[in-house]
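**Q** One file is attached below, data18.cif, containing mmCIF, C-alpha atoms and all ligand atoms.
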data_final
#
loop_
_atom_site.label_atom_id
_atom_site.label_comp_id
_atom_site.auth_asym_id
_atom_site.auth_seq_id
_atom_site.Cartn_x
_atom_site.Cartn_y
_atom_site.Cartn_z
CA MET R 1 -68.87 -74.80 -90.92
CA LYS R 2 -72.69 -74.89 -90.64
CA HIS R 3 -74.55 -72.11 -92.35
CA CYS R 4 -77.37 -70.25 -90.57
CA LEU R 5 -79.78 -67.79 -92.15
CA VAL R 6 -81.06 -65.24 -89.63
CA VAL R 7 -84.45 -63.82 -90.64
CA ASP R 8 -85.72 -60.85 -88.63
CA ASP R 9 -86.92 -57.38 -89.53
CA SER R 10 -84.96 -55.87 -86.65
CA ARG R 11 -81.38 -55.11 -87.55
CA VAL R 12 -80.40 -55.14 -83.89
CA ILE R 13 -81.83 -58.61 -83.31
CA ARG R 14 -80.10 -59.91 -86.43
CA LYS R 15 -76.83 -58.49 -85.21
CA VAL R 16 -77.15 -59.96 -81.72
CA ALA R 17 -78.17 -63.37 -83.07
CA CYS R 18 -75.38 -63.39 -85.65
CA ARG R 19 -72.78 -62.58 -83.03
CA ILE R 20 -73.95 -65.45 -80.82
CA LEU R 21 -74.06 -67.84 -83.78
CA ALA R 22 -70.61 -66.80 -84.94
CA ASP R 23 -69.36 -67.66 -81.43
CA LEU R 24 -70.96 -71.06 -81.85
CA ALA R 25 -68.97 -71.44 -85.09
CA PHE R 26 -71.79 -70.82 -87.56
CA GLU R 27 -71.41 -68.99 -90.81
CA THR R 28 -74.28 -66.48 -90.81
CA GLU R 29 -76.34 -64.70 -93.41
CA GLU R 30 -79.15 -62.18 -92.84
CA ALA R 31 -82.55 -61.51 -94.36
CA ALA R 32 -85.01 -58.81 -93.27
CA ASP R 33 -88.25 -60.57 -94.24
CA GLY R 34 -89.70 -63.81 -95.58
CA ALA R 35 -89.45 -62.85 -99.23
CA ALA R 36 -85.77 -61.99 -98.92
CA ALA R 37 -85.24 -65.21 -96.99
CA LEU R 38 -86.84 -67.32 -99.74
CA GLN R 39 -84.60 -65.61 -102.26
CA ALA R 40 -81.55 -66.34 -100.12
CA CYS R 41 -82.59 -70.00 -99.83
CA ARG R 42 -82.93 -70.28 -103.59
CA LEU R 43 -79.37 -69.09 -104.02
CA ARG R 44 -77.96 -71.22 -101.26
CA MET R 45 -79.92 -73.45 -98.90
CA PRO R 46 -78.69 -72.99 -95.30
CA ASP R 47 -78.40 -75.79 -92.74
CA VAL R 48 -80.59 -73.93 -90.29
CA ILE R 49 -82.86 -70.88 -90.27
CA LEU R 50 -83.54 -68.68 -87.25
CA LEU R 51 -86.93 -67.21 -88.03
CA ASP R 52 -88.94 -64.28 -86.67
CA TRP R 53 -92.74 -64.33 -86.97
CA HIS R 54 -93.94 -60.79 -87.68
CA MET R 55 -92.21 -59.18 -90.64
CA PRO R 56 -93.35 -57.04 -93.56
CA ASN R 57 -93.73 -58.51 -97.09
CA MET R 58 -93.85 -62.15 -96.04
CA ASP R 59 -94.09 -63.21 -92.41
CA GLY R 60 -92.32 -66.15 -90.78
CA ILE R 61 -95.12 -68.69 -90.99
CA GLU R 62 -95.80 -67.95 -94.67
CA PHE R 63 -92.12 -68.27 -95.39
CA LEU R 64 -91.98 -71.58 -93.55
CA ARG R 65 -94.94 -72.99 -95.47
CA ALA R 66 -93.38 -71.91 -98.77
CA LEU R 67 -90.04 -73.39 -97.74
CA ARG R 68 -91.52 -76.72 -96.71
CA ALA R 69 -93.57 -76.87 -99.91
CA GLY R 70 -90.35 -76.70 -101.93
CA ARG R 71 -89.64 -79.86 -103.90
CA ASP R 72 -85.87 -79.82 -104.05
CA GLY R 73 -85.65 -82.33 -101.23
CA SER R 74 -83.62 -80.17 -98.86
CA ARG R 75 -84.92 -79.81 -95.36
CA PRO R 76 -83.05 -77.18 -93.39
CA MET R 77 -83.78 -76.98 -89.67
CA VAL R 78 -86.06 -74.10 -88.76
CA VAL R 79 -85.95 -72.52 -85.31
CA PHE R 80 -88.61 -69.90 -84.72
CA CYS R 81 -87.49 -66.93 -82.66
CA THR R 82 -90.38 -64.66 -81.81
CA THR R 83 -92.26 -62.69 -79.16
CA GLU R 84 -95.31 -64.86 -79.90
CA ASN R 85 -95.08 -67.05 -76.85
CA ASP R 86 -98.46 -68.74 -76.57
CA VAL R 87 -99.28 -72.38 -77.16
CA ALA R 88 -101.51 -71.59 -80.16
CA HIS R 89 -98.66 -69.95 -82.06
CA ILE R 90 -96.17 -72.63 -81.04
CA THR R 91 -98.52 -75.37 -82.20
CA GLU R 92 -99.14 -73.59 -85.49
CA ALA R 93 -95.40 -73.25 -86.08
CA LEU R 94 -94.72 -76.91 -85.32
CA GLY R 95 -97.61 -77.89 -87.58
CA ALA R 96 -96.08 -75.87 -90.39
CA GLY R 97 -92.78 -77.71 -90.02
CA ALA R 98 -90.74 -75.77 -87.45
CA ASP R 99 -88.21 -77.89 -85.55
CA GLU R 100 -87.70 -75.73 -82.48
CA TYR R 101 -89.10 -72.56 -81.01
CA ILE R 102 -87.47 -69.73 -79.08
CA MET R 103 -89.58 -67.25 -77.17
CA LYS R 104 -87.96 -63.82 -77.09
CA PRO R 105 -86.10 -62.44 -75.29
CA PHE R 106 -83.27 -64.91 -75.85
CA ASP R 107 -79.67 -65.04 -74.82
CA ARG R 108 -76.68 -67.12 -75.76
CA SER R 109 -77.58 -70.02 -73.46
CA ILE R 110 -81.03 -70.34 -75.02
CA ILE R 111 -79.76 -70.23 -78.61
CA GLU R 112 -77.16 -72.80 -77.70
CA ALA R 113 -79.69 -75.06 -75.96
CA LYS R 114 -82.18 -74.87 -78.81
CA PHE R 115 -79.59 -75.48 -81.51
CA ALA R 116 -78.45 -78.45 -79.45
CA GLU R 117 -82.04 -79.75 -79.51
CA VAL R 118 -81.96 -79.86 -83.30
CA GLY R 119 -78.54 -81.49 -83.24
CA LEU R 120 -76.50 -78.57 -84.53
CA VAL R 121 -74.35 -77.71 -81.50
CA MET F 1 -66.33 -58.61 -43.29
CA ASP F 2 -63.23 -58.99 -41.10
CA GLN F 3 -61.08 -62.11 -41.07
CA ASN F 4 -62.38 -63.42 -37.77
CA ASP F 5 -65.96 -63.19 -38.89
CA PHE F 6 -65.12 -64.79 -42.21
CA ALA F 7 -63.33 -67.69 -40.53
CA PHE F 8 -66.22 -68.15 -38.10
CA PHE F 9 -68.75 -68.08 -40.92
CA THR F 10 -66.78 -70.49 -43.11
CA GLU F 11 -66.68 -72.98 -40.26
CA LEU F 12 -70.38 -72.58 -39.49
CA LEU F 13 -71.24 -73.19 -43.12
CA ARG F 14 -68.96 -76.20 -43.45
CA ARG F 15 -70.35 -77.76 -40.29
CA ARG F 16 -73.98 -77.23 -41.25
CA SER F 17 -73.85 -78.10 -44.96
CA GLY F 18 -70.43 -79.35 -46.03
CA LEU F 19 -70.15 -76.33 -48.34
CA LEU F 20 -66.65 -74.99 -48.73
CA LEU F 21 -65.76 -71.31 -48.83
CA THR F 22 -62.39 -70.02 -49.84
CA GLN F 23 -60.94 -66.66 -48.88
CA GLN F 24 -61.56 -65.29 -52.37
CA LYS F 25 -65.28 -65.68 -51.81
CA THR F 26 -65.72 -62.77 -49.35
CA HIS F 27 -67.59 -60.79 -51.94
CA LEU F 28 -69.90 -63.69 -52.74
CA VAL F 29 -70.69 -64.10 -49.04
CA GLU F 30 -71.60 -60.44 -48.63
CA SER F 31 -73.89 -60.39 -51.65
CA ARG F 32 -75.65 -63.62 -50.73
CA LEU F 33 -76.15 -62.61 -47.12
CA ALA F 34 -77.63 -59.21 -48.01
CA PRO F 35 -81.21 -60.52 -48.42
CA VAL F 36 -80.97 -62.43 -45.11
CA MET F 37 -79.73 -59.29 -43.36
CA ARG F 38 -82.65 -57.34 -44.71
CA ARG F 39 -85.11 -60.04 -43.73
CA PHE F 40 -83.82 -60.30 -40.15
CA GLY F 41 -83.13 -56.58 -39.83
CA PHE F 42 -79.36 -56.48 -39.43
CA LYS F 43 -77.59 -53.29 -40.49
CA ASP F 44 -74.23 -54.90 -41.23
CA SER F 45 -72.55 -58.28 -41.41
CA ALA F 46 -70.75 -57.76 -38.08
CA ALA F 47 -74.11 -57.56 -36.30
CA LEU F 48 -75.30 -60.64 -38.17
CA MET F 49 -72.19 -62.60 -37.18
CA ARG F 50 -72.58 -61.53 -33.55
CA GLU F 51 -76.07 -62.98 -33.50
CA LEU F 52 -74.92 -66.16 -35.24
CA ARG F 53 -72.26 -66.63 -32.58
CA HIS F 54 -75.05 -66.61 -30.02
CA GLY F 55 -76.49 -69.68 -31.71
CA HIS F 56 -79.61 -68.27 -33.35
CA GLU F 57 -80.90 -71.45 -35.07
CA ALA F 58 -83.38 -69.96 -37.55
CA LEU F 59 -80.80 -67.42 -38.60
CA ALA F 60 -78.12 -70.06 -39.05
CA ALA F 61 -80.48 -72.10 -41.20
CA ALA F 62 -81.31 -69.05 -43.29
CA VAL F 63 -77.69 -68.06 -43.92
CA THR F 64 -76.85 -71.65 -44.83
CA GLU F 65 -79.65 -71.76 -47.38
CA ALA F 66 -78.58 -68.41 -48.73
CA MET F 67 -75.10 -69.74 -49.43
CA THR F 68 -76.25 -72.64 -51.59
CA THR F 69 -75.84 -72.43 -55.36
CA ASN F 70 -79.08 -73.60 -56.88
CA ASP F 71 -78.68 -73.30 -60.61
CA SER F 72 -80.03 -76.19 -62.58
CA ALA F 73 -81.77 -76.90 -65.85
CA PHE F 74 -84.12 -79.47 -67.32
CA PHE F 75 -82.13 -82.38 -68.77
CA ARG F 76 -78.92 -80.70 -67.68
CA ASP F 77 -75.95 -82.63 -69.06
CA ARG F 78 -78.19 -84.39 -71.53
CA ARG F 79 -75.80 -87.30 -71.77
CA THR F 80 -76.47 -88.33 -68.18
CA PHE F 81 -80.16 -88.58 -68.92
CA GLU F 82 -79.47 -90.62 -72.04
CA GLU F 83 -77.36 -92.98 -69.94
CA PHE F 84 -80.20 -93.24 -67.45
CA ARG F 85 -82.70 -93.98 -70.23
CA ASP F 86 -80.52 -96.27 -72.34
CA ILE F 87 -78.36 -98.10 -69.80
CA VAL F 88 -79.76 -97.87 -66.28
CA LEU F 89 -83.50 -98.07 -66.88
CA PRO F 90 -83.64 -101.04 -69.30
CA GLU F 91 -81.60 -103.16 -66.91
CA LEU F 92 -83.70 -102.23 -63.90
CA LEU F 93 -86.91 -102.93 -65.77
CA ILE F 94 -85.68 -106.48 -66.24
CA ASN F 95 -84.31 -106.89 -62.72
CA ARG F 96 -87.46 -105.49 -61.11
CA ALA F 97 -89.98 -107.17 -63.40
CA ALA F 98 -91.39 -109.19 -60.52
CA SER F 99 -91.95 -106.34 -58.06
CA LYS F 100 -92.63 -103.73 -60.74
CA ARG F 101 -91.33 -101.14 -58.33
CA LEU F 102 -88.61 -98.56 -58.84
CA ARG F 103 -87.12 -96.28 -56.23
CA ILE F 104 -85.25 -93.22 -57.43
CA TRP F 105 -83.70 -90.48 -55.33
CA CYS F 106 -82.55 -87.03 -56.46
CA ALA F 107 -80.28 -86.04 -53.61
CA ALA F 108 -79.87 -82.32 -54.41
CA CYS F 109 -82.80 -81.41 -56.62
CA ALA F 110 -82.67 -77.57 -56.49
CA ALA F 111 -85.94 -76.19 -57.91
CA GLY F 112 -87.05 -79.57 -59.25
CA GLN F 113 -85.77 -79.53 -62.83
CA GLU F 114 -83.84 -82.76 -62.35
CA PRO F 115 -86.61 -84.92 -60.82
CA TYR F 116 -89.15 -83.58 -63.29
CA SER F 117 -86.81 -84.43 -66.15
CA ILE F 118 -86.61 -87.98 -64.79
CA ALA F 119 -90.39 -88.07 -64.38
CA MET F 120 -90.78 -87.04 -68.04
CA MET F 121 -88.50 -89.85 -69.16
CA LEU F 122 -90.38 -92.40 -67.06
CA ASP F 123 -93.61 -91.03 -68.44
CA ASP F 124 -92.28 -91.50 -72.00
CA GLY F 125 -91.84 -95.17 -71.16
CA LYS F 126 -95.48 -95.34 -69.96
CA LEU F 127 -94.32 -97.16 -66.86
CA LEU F 128 -97.24 -96.14 -64.65
CA ALA F 129 -99.74 -97.29 -67.27
CA GLN F 130 -97.94 -100.66 -67.33
CA GLY F 131 -98.55 -101.09 -63.63
CA TRP F 132 -95.20 -99.96 -62.27
CA THR F 133 -94.97 -98.21 -58.93
CA ILE F 134 -92.41 -95.43 -59.03
CA ASP F 135 -91.13 -93.82 -55.86
CA LEU F 136 -89.38 -90.71 -57.04
CA LEU F 137 -87.98 -88.82 -54.06
CA ALA F 138 -86.35 -85.42 -54.48
CA THR F 139 -84.57 -83.63 -51.64
CA ASP F 140 -82.53 -80.50 -51.13
CA LEU F 141 -81.08 -78.63 -48.19
CA ASN F 142 -82.73 -75.41 -49.31
CA SER F 143 -86.36 -75.30 -48.19
CA GLN F 144 -87.15 -72.41 -50.51
CA MET F 145 -86.02 -74.54 -53.45
CA ILE F 146 -88.21 -77.40 -52.25
CA ALA F 147 -91.19 -75.05 -52.04
CA ARG F 148 -90.51 -73.87 -55.61
CA ALA F 149 -90.12 -77.43 -56.83
CA GLU F 150 -93.42 -78.45 -55.26
CA GLU F 151 -95.10 -75.52 -56.93
CA GLY F 152 -93.62 -76.59 -60.28
CA VAL F 153 -93.74 -73.19 -61.95
CA TYR F 154 -90.85 -72.06 -64.14
CA SER F 155 -90.01 -68.88 -66.00
CA GLN F 156 -89.87 -68.67 -69.78
CA PHE F 157 -86.13 -68.47 -69.40
CA GLU F 158 -85.87 -71.65 -67.34
CA VAL F 159 -88.03 -73.75 -69.64
CA GLN F 160 -86.03 -72.78 -72.71
CA ARG F 161 -82.78 -74.22 -71.47
CA GLY F 162 -82.94 -77.96 -71.89
CA LEU F 163 -86.60 -78.57 -72.68
CA PRO F 164 -87.46 -79.36 -76.29
CA ILE F 165 -90.44 -77.28 -77.40
CA ARG F 166 -92.66 -80.31 -77.99
CA ARG F 167 -92.08 -81.46 -74.44
CA LEU F 168 -92.85 -78.01 -73.12
CA VAL F 169 -96.18 -77.92 -74.92
CA ARG F 170 -97.00 -81.50 -73.91
CA ASN F 171 -95.98 -81.40 -70.26
CA PHE F 172 -96.59 -77.82 -69.12
CA THR F 173 -99.43 -75.33 -69.10
CA GLN F 174 -98.84 -71.66 -69.65
CA GLU F 175 -99.61 -69.15 -66.88
CA GLY F 176 -98.83 -65.69 -68.18
CA SER F 177 -95.15 -65.77 -69.01
CA ASN F 178 -94.56 -68.77 -66.71
CA TRP F 179 -95.04 -72.46 -67.29
CA ARG F 180 -96.48 -74.96 -64.81
CA ILE F 181 -95.58 -78.65 -64.86
CA SER F 182 -98.53 -80.96 -65.49
CA GLU F 183 -100.31 -82.33 -62.46
CA SER F 184 -99.59 -85.93 -63.44
CA LEU F 185 -95.83 -85.30 -63.50
CA ARG F 186 -95.95 -83.26 -60.33
CA ARG F 187 -97.67 -86.11 -58.54
CA MET F 188 -94.90 -88.51 -59.54
CA VAL F 189 -92.37 -86.69 -57.34
CA THR F 190 -92.24 -86.44 -53.54
CA PHE F 191 -90.25 -83.45 -52.36
CA ARG F 192 -88.65 -83.06 -48.98
CA THR F 193 -86.10 -80.77 -47.35
CA PHE F 194 -83.08 -82.85 -46.40
CA ASN F 195 -79.44 -82.17 -45.58
CA LEU F 196 -76.97 -84.70 -47.00
CA LEU F 197 -74.93 -84.42 -43.80
CA ASP F 198 -77.82 -85.91 -41.82
CA SER F 199 -78.55 -89.60 -41.34
CA PHE F 200 -79.87 -91.52 -44.34
CA GLY F 201 -81.61 -93.89 -41.92
CA TRP F 202 -85.12 -92.88 -43.00
CA LEU F 203 -84.46 -93.69 -46.66
CA ALA F 204 -85.65 -96.88 -48.30
CA GLU F 205 -83.25 -98.90 -50.45
CA MET F 206 -82.79 -96.98 -53.70
CA ASP F 207 -82.44 -98.36 -57.23
CA VAL F 208 -81.07 -95.13 -58.68
CA VAL F 209 -79.48 -92.14 -56.98
CA PHE F 210 -78.90 -88.87 -58.78
CA CYS F 211 -76.35 -86.88 -56.79
CA ARG F 212 -75.28 -84.33 -59.35
CA ASN F 213 -73.49 -81.03 -59.12
CA VAL F 214 -73.46 -80.93 -55.35
CA LEU F 215 -70.43 -83.03 -54.31
CA MET F 216 -68.25 -80.48 -56.08
CA TYR F 217 -69.13 -77.86 -53.46
CA PHE F 218 -68.06 -80.11 -50.58
CA ASP F 219 -64.70 -80.75 -48.99
CA GLN F 220 -63.09 -84.15 -49.54
CA LYS F 221 -64.20 -85.62 -46.22
CA THR F 222 -67.83 -84.69 -46.80
CA ARG F 223 -67.74 -86.11 -50.34
CA ILE F 224 -66.45 -89.42 -49.05
CA SER F 225 -68.98 -89.52 -46.25
CA VAL F 226 -71.90 -88.82 -48.61
CA ILE F 227 -70.76 -91.38 -51.18
CA ASP F 228 -70.20 -94.08 -48.59
CA ARG F 229 -73.63 -93.51 -47.11
CA VAL F 230 -75.19 -93.59 -50.57
CA ALA F 231 -73.50 -96.97 -51.00
CA ASP F 232 -75.24 -98.14 -47.84
CA ILE F 233 -78.71 -97.37 -49.10
CA ILE F 234 -78.36 -98.27 -52.77
CA ALA F 235 -79.50 -101.66 -54.07
CA PRO F 236 -76.69 -104.10 -55.03
CA ASP F 237 -77.55 -103.55 -58.71
CA GLY F 238 -78.43 -99.89 -58.21
CA ALA F 239 -76.88 -97.01 -60.13
CA LEU F 240 -75.38 -93.72 -58.97
CA LEU F 241 -75.20 -90.75 -61.32
CA VAL F 242 -72.95 -87.79 -60.57
CA GLY F 243 -72.20 -84.59 -62.47
CA PRO F 244 -69.63 -84.47 -65.27
CA ALA F 245 -67.22 -82.42 -63.15
CA GLU F 246 -67.42 -84.76 -60.19
CA SER F 247 -65.52 -87.97 -60.64
CA ILE F 248 -65.71 -90.00 -57.44
CA LEU F 249 -62.81 -92.21 -58.47
CA GLY F 250 -60.31 -92.49 -55.68
CA LEU F 251 -62.84 -91.38 -53.08
CA THR F 252 -64.39 -94.76 -52.53
CA ILE F 253 -64.13 -98.41 -53.43
CA ALA F 254 -67.84 -98.86 -52.88
CA PHE F 255 -68.57 -97.84 -56.48
CA ALA F 256 -67.08 -98.73 -59.82
CA GLN F 257 -67.19 -96.53 -62.87
CA THR F 258 -68.87 -97.66 -66.07
CA GLU F 259 -66.87 -97.80 -69.24
CA HIS F 260 -67.97 -95.17 -71.78
CA ALA F 261 -70.28 -93.54 -69.22
CA PRO F 262 -68.02 -91.58 -66.86
CA GLY F 263 -70.79 -90.14 -64.66
CA LEU F 264 -72.45 -93.50 -64.09
CA TYR F 265 -71.35 -95.76 -61.24
CA TYR F 266 -72.45 -99.16 -60.02
CA ARG F 267 -71.83 -100.81 -56.69
CA ALA F 268 -68.49 -102.54 -56.64
CA LYS F 269 -68.34 -106.15 -55.43
CA PRO F 270 -69.28 -106.46 -51.75
CA MET F 271 -66.44 -105.75 -49.36
CA SER F 272 -65.62 -106.03 -45.69
CA PRO F 273 -66.00 -102.95 -43.49
CA GLN F 274 -62.23 -102.94 -42.84
CA MET F 275 -61.55 -102.57 -46.54
CA ARG F 276 -63.94 -99.70 -46.86
CA HIS F 277 -62.19 -97.83 -44.07
CA ALA F 278 -58.88 -98.33 -45.74
CA VAL F 279 -59.97 -95.95 -48.50
CA GLY F 280 -60.53 -92.70 -46.60
C1 LIG L 1 -76.05 -76.59 -58.36
S1 LIG L 1 -77.44 -77.33 -57.59
C2 LIG L 1 -77.56 -78.84 -58.49
C3 LIG L 1 -78.98 -79.17 -58.86
C4 LIG L 1 -79.16 -80.41 -59.73
N1 LIG L 1 -78.76 -81.61 -59.03
C5 LIG L 1 -78.41 -80.27 -61.02
O1 LIG L 1 -77.44 -80.99 -61.25
O2 LIG L 1 -78.79 -79.43 -61.85
C6 LIG L 1 -76.79 -77.83 -55.99
C7 LIG L 1 -77.87 -78.05 -54.95
O3 LIG L 1 -77.29 -78.73 -53.83
C8 LIG L 1 -77.95 -78.29 -52.66
N2 LIG L 1 -77.12 -78.58 -51.47
C9 LIG L 1 -75.98 -77.97 -51.09
N3 LIG L 1 -75.52 -78.50 -49.94
C10 LIG L 1 -76.40 -79.48 -49.60
C11 LIG L 1 -76.48 -80.40 -48.52
N4 LIG L 1 -75.57 -80.41 -47.53
N5 LIG L 1 -77.53 -81.26 -48.49
C12 LIG L 1 -78.46 -81.25 -49.47
N6 LIG L 1 -78.42 -80.41 -50.52
C13 LIG L 1 -77.42 -79.54 -50.60
C14 LIG L 1 -78.16 -76.81 -52.93
O4 LIG L 1 -79.19 -76.27 -52.12
C15 LIG L 1 -78.47 -76.78 -54.42
O5 LIG L 1 -79.84 -76.72 -54.68
#
Spell out the structure here as structure tokens.
Ligand SMILES: C[S@@+](CC[C@H](N)C(=O)[O-])C[C@H]1O[C@@H](n2cnc3c(N)ncnc32)[C@H](O)[C@@H]1O
**A**
Amino acid sequence: MKHCLVVDDSRVIRKVACRILADLAFETEEAADGAAALQACRLRMPDVILLDWHMPNMDGIEFLRALRAGRDGSRPMVVFCTTENDVAHITEALGAGADEYIMKPFDRSIIEAKFAEVGLV
Amino acid sequence: MDQNDFAFFTELLRRRSGLLLTQQKTHLVESRLAPVMRRFGFKDSAALMRELRHGHEALAAAVTEAMTTNDSAFFRDRRTFEEFRDIVLPELLINRAASKRLRIWCAACAAGQEPYSIAMMLDDGKLLAQGWTIDLLATDLNSQMIARAEEGVYSQFEVQRGLPIRRLVRNFTQEGSNWRISESLRRMVTFRTFNLLDSFGWLAEMDVVFCRNVLMYFDQKTRISVIDRVADIIAPDGALLVGPAESILGLTIAFAQTEHAPGLYYRAKPMSPQMRHAVG
């Protein structure tokens, strides 16, 4: 079973995403901000991370940079999932090492399509 | 809608488009006809049917369009596009090296996602830059779909199903919450309203025909007729791609299936007209 870390400061969004991912046979774990997500990754590196942009403590792009700077050789897939839907943000995310990008709002078909893009569905 | 009207309407639809309606679909008919009724000012379906019985052509065309199912997605059934890229295209590039010309037809293109997906793949191969001429024709019965396809503007929702993000950024420009296909890709495709029941006489010989997710809405006779006429206009080494739910095995001997690529068909060995008739 693939393991997905869902990082979003909204509990509702985390819940919706986790339910969809569970349907797609993922084991899910939640984190409410970038700092908590980094901590979770240290304990157990997921196969894929669904990542919001704006969050308190540490935002999505900072988290991603910290994650990609890690030297343990693991490279989980990162799928941004954010209301930032302009080319400048998308380009910045890809530059920082994101693999795919979801513009909110999302639904099951979009999560499924995007996870298929990164070879996980 | 009463049974008489439903039977009349089913027959009208079948005759005009090949689309099949079963009795269970009464509800679907009502909901799809509602916008047409508003547009033409009918207060109920009985009044609409009365007018249709009088042979109101524009109205008949409008109700037919309204009954089409137009859902599609970029790179829908990804595997088909991989087969096109990895099997069909390489062979054609060799076979057409002298003429450097490729003719591709999308026979039911909905709002253009399918032909634009093909255009993106051809663009990846830099075929135009290498001097190839590509005739990419995309047709659909539904003129509103053709107008949308020509416009080339898609919602955030539509571009997120099937388009990798890098492709989106590379090939589209953002307009508010919508995304517009690049001018160079748009110019690769010629769109035209066309009913698959009509004569294919105006079509040039095609190297590749995409006829996906439309045969499944037709009755058996219409499927056979469409496939046989595709066989008439496809090049001897041309390829036909159908949807994953649409095996044409048993419908025709004009095409043979490809091993390991169930949606991909090639022309079978030439045959006499008598043999072809023996199939139907
Ligand atoms: C479900 S869409 C398929 C679109 C695309 N080929 C795909 O696979 O995603 C079916 C399309 O077939 C078109 N169609 C239905 N009957 C037709 C006919 N008789 N001639 C041409 N197009 C037809 C509809 O208007 C609709 O856009």
**Q** Interatomic distance between atom C4 of ligand LIG 1 (chain L) and atom CA of F:Asp219?
**A** 18.0 Å
**Q** Could you list, as a PyMOL selection string, every residue of chain R that has an atom within 8 Å of an atom of chain F, counting all atoms listed in the file?
**A** chain R and resi 85-87+100-103+106+109-110+113-114+117
**Q** Name the closest residue to F:Met49 among the candidates F:Gln23, F:Asn4, F:Gln257, F:Asn178; distances are taken between atoms, counting only C-alpha atoms.
**A**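 Among the listed residues, the smallest separation from F:Met49 belongs to F:Asn4.
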**Q** Could you tell me how far atom CA of F:Leu241 sits from atom CA of F:Phe84, in Å to one decimal place?
**A**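 A separation of 8.3 Å between them.
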**Q** Could I get the residue neighbourhood of ligand LIG 1 (chain L) at 7 Å, counting only C-alpha atoms and all ligand atoms, as a VMD selection string?
**A** chain F and resid 17 to 19 65 68 to 73 76 107 to 111 114 139 to 142 145 194 to 197 211 to 214 243
**Q** Have a look at atom CA of F:Arg223 and atom CA of F:Ile248 and let me know their distance in Å, one decimal.
**A**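 About the pair atom CA of F:Arg223 and atom CA of F:Ile248: they are 8.3 Å apart.
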**Q** So, counting only C-alpha atoms, which residue among F:Phe74, F:Arg16, F:Leu33, F:Phe81 is closest to F:Glu57?
**A**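 Ranked by minimum distance to F:Glu57, first place goes to F:Arg16.
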**Q** Which one is closest to F:Asn95: F:Ala235, F:Ala147, F:Ala204, F:Leu127? Count only C-alpha atoms.
**A**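 Smallest separation from F:Asn95 among the options: F:Ala235.
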**Q** Anything within 10 Å of (-72.9, -69.0, -93.0): list those residues as a VMD selection string, counting only C-alpha atoms and sticking to the file's coordinates.
**A** chain R and resid 1 to 6 18 21 to 22 25 to 30 44 46 to 48
**Q** Check the smallest atom-to-atom distance from each of R:Ala40, R:Met45, R:Ala31, R:Pro76 to R:Ile13 using all atoms listed in the file, then report the winner.
**A**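 Looking at the shortest contact to R:Ile13, the residue is R:Ala31.
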**Q** Can you list, as a PyMOL selection string, every protein, DNA or RNA residue that comes within 10 Å of R:Gly34 when you count all atoms listed in the file, leaving out same-chain residues fewer than 4 positions away?
**A** chain R and resi 7-9+38-40+51-64+66-67
**Q** Taking 2 positions as the minimum chain separation for residues in the same chain, which residues sit within 12 Å of F:Ala46 when counting only C-alpha atoms? Answer as an MDAnalysis selection string.
**A** chainID F and resid 1:6 8:9 30 33 37 42:44 48:53
**Q** Under the rule that all atoms listed in the file are counted, which of R:Arg42, R:Phe115, R:Phe80, R:Ser10 is the nearest residue to R:Ala98?
**A**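 Going through R:Arg42, R:Phe115, R:Phe80, R:Ser10 one by one, the smallest distance to R:Ala98 is for R:Phe80.
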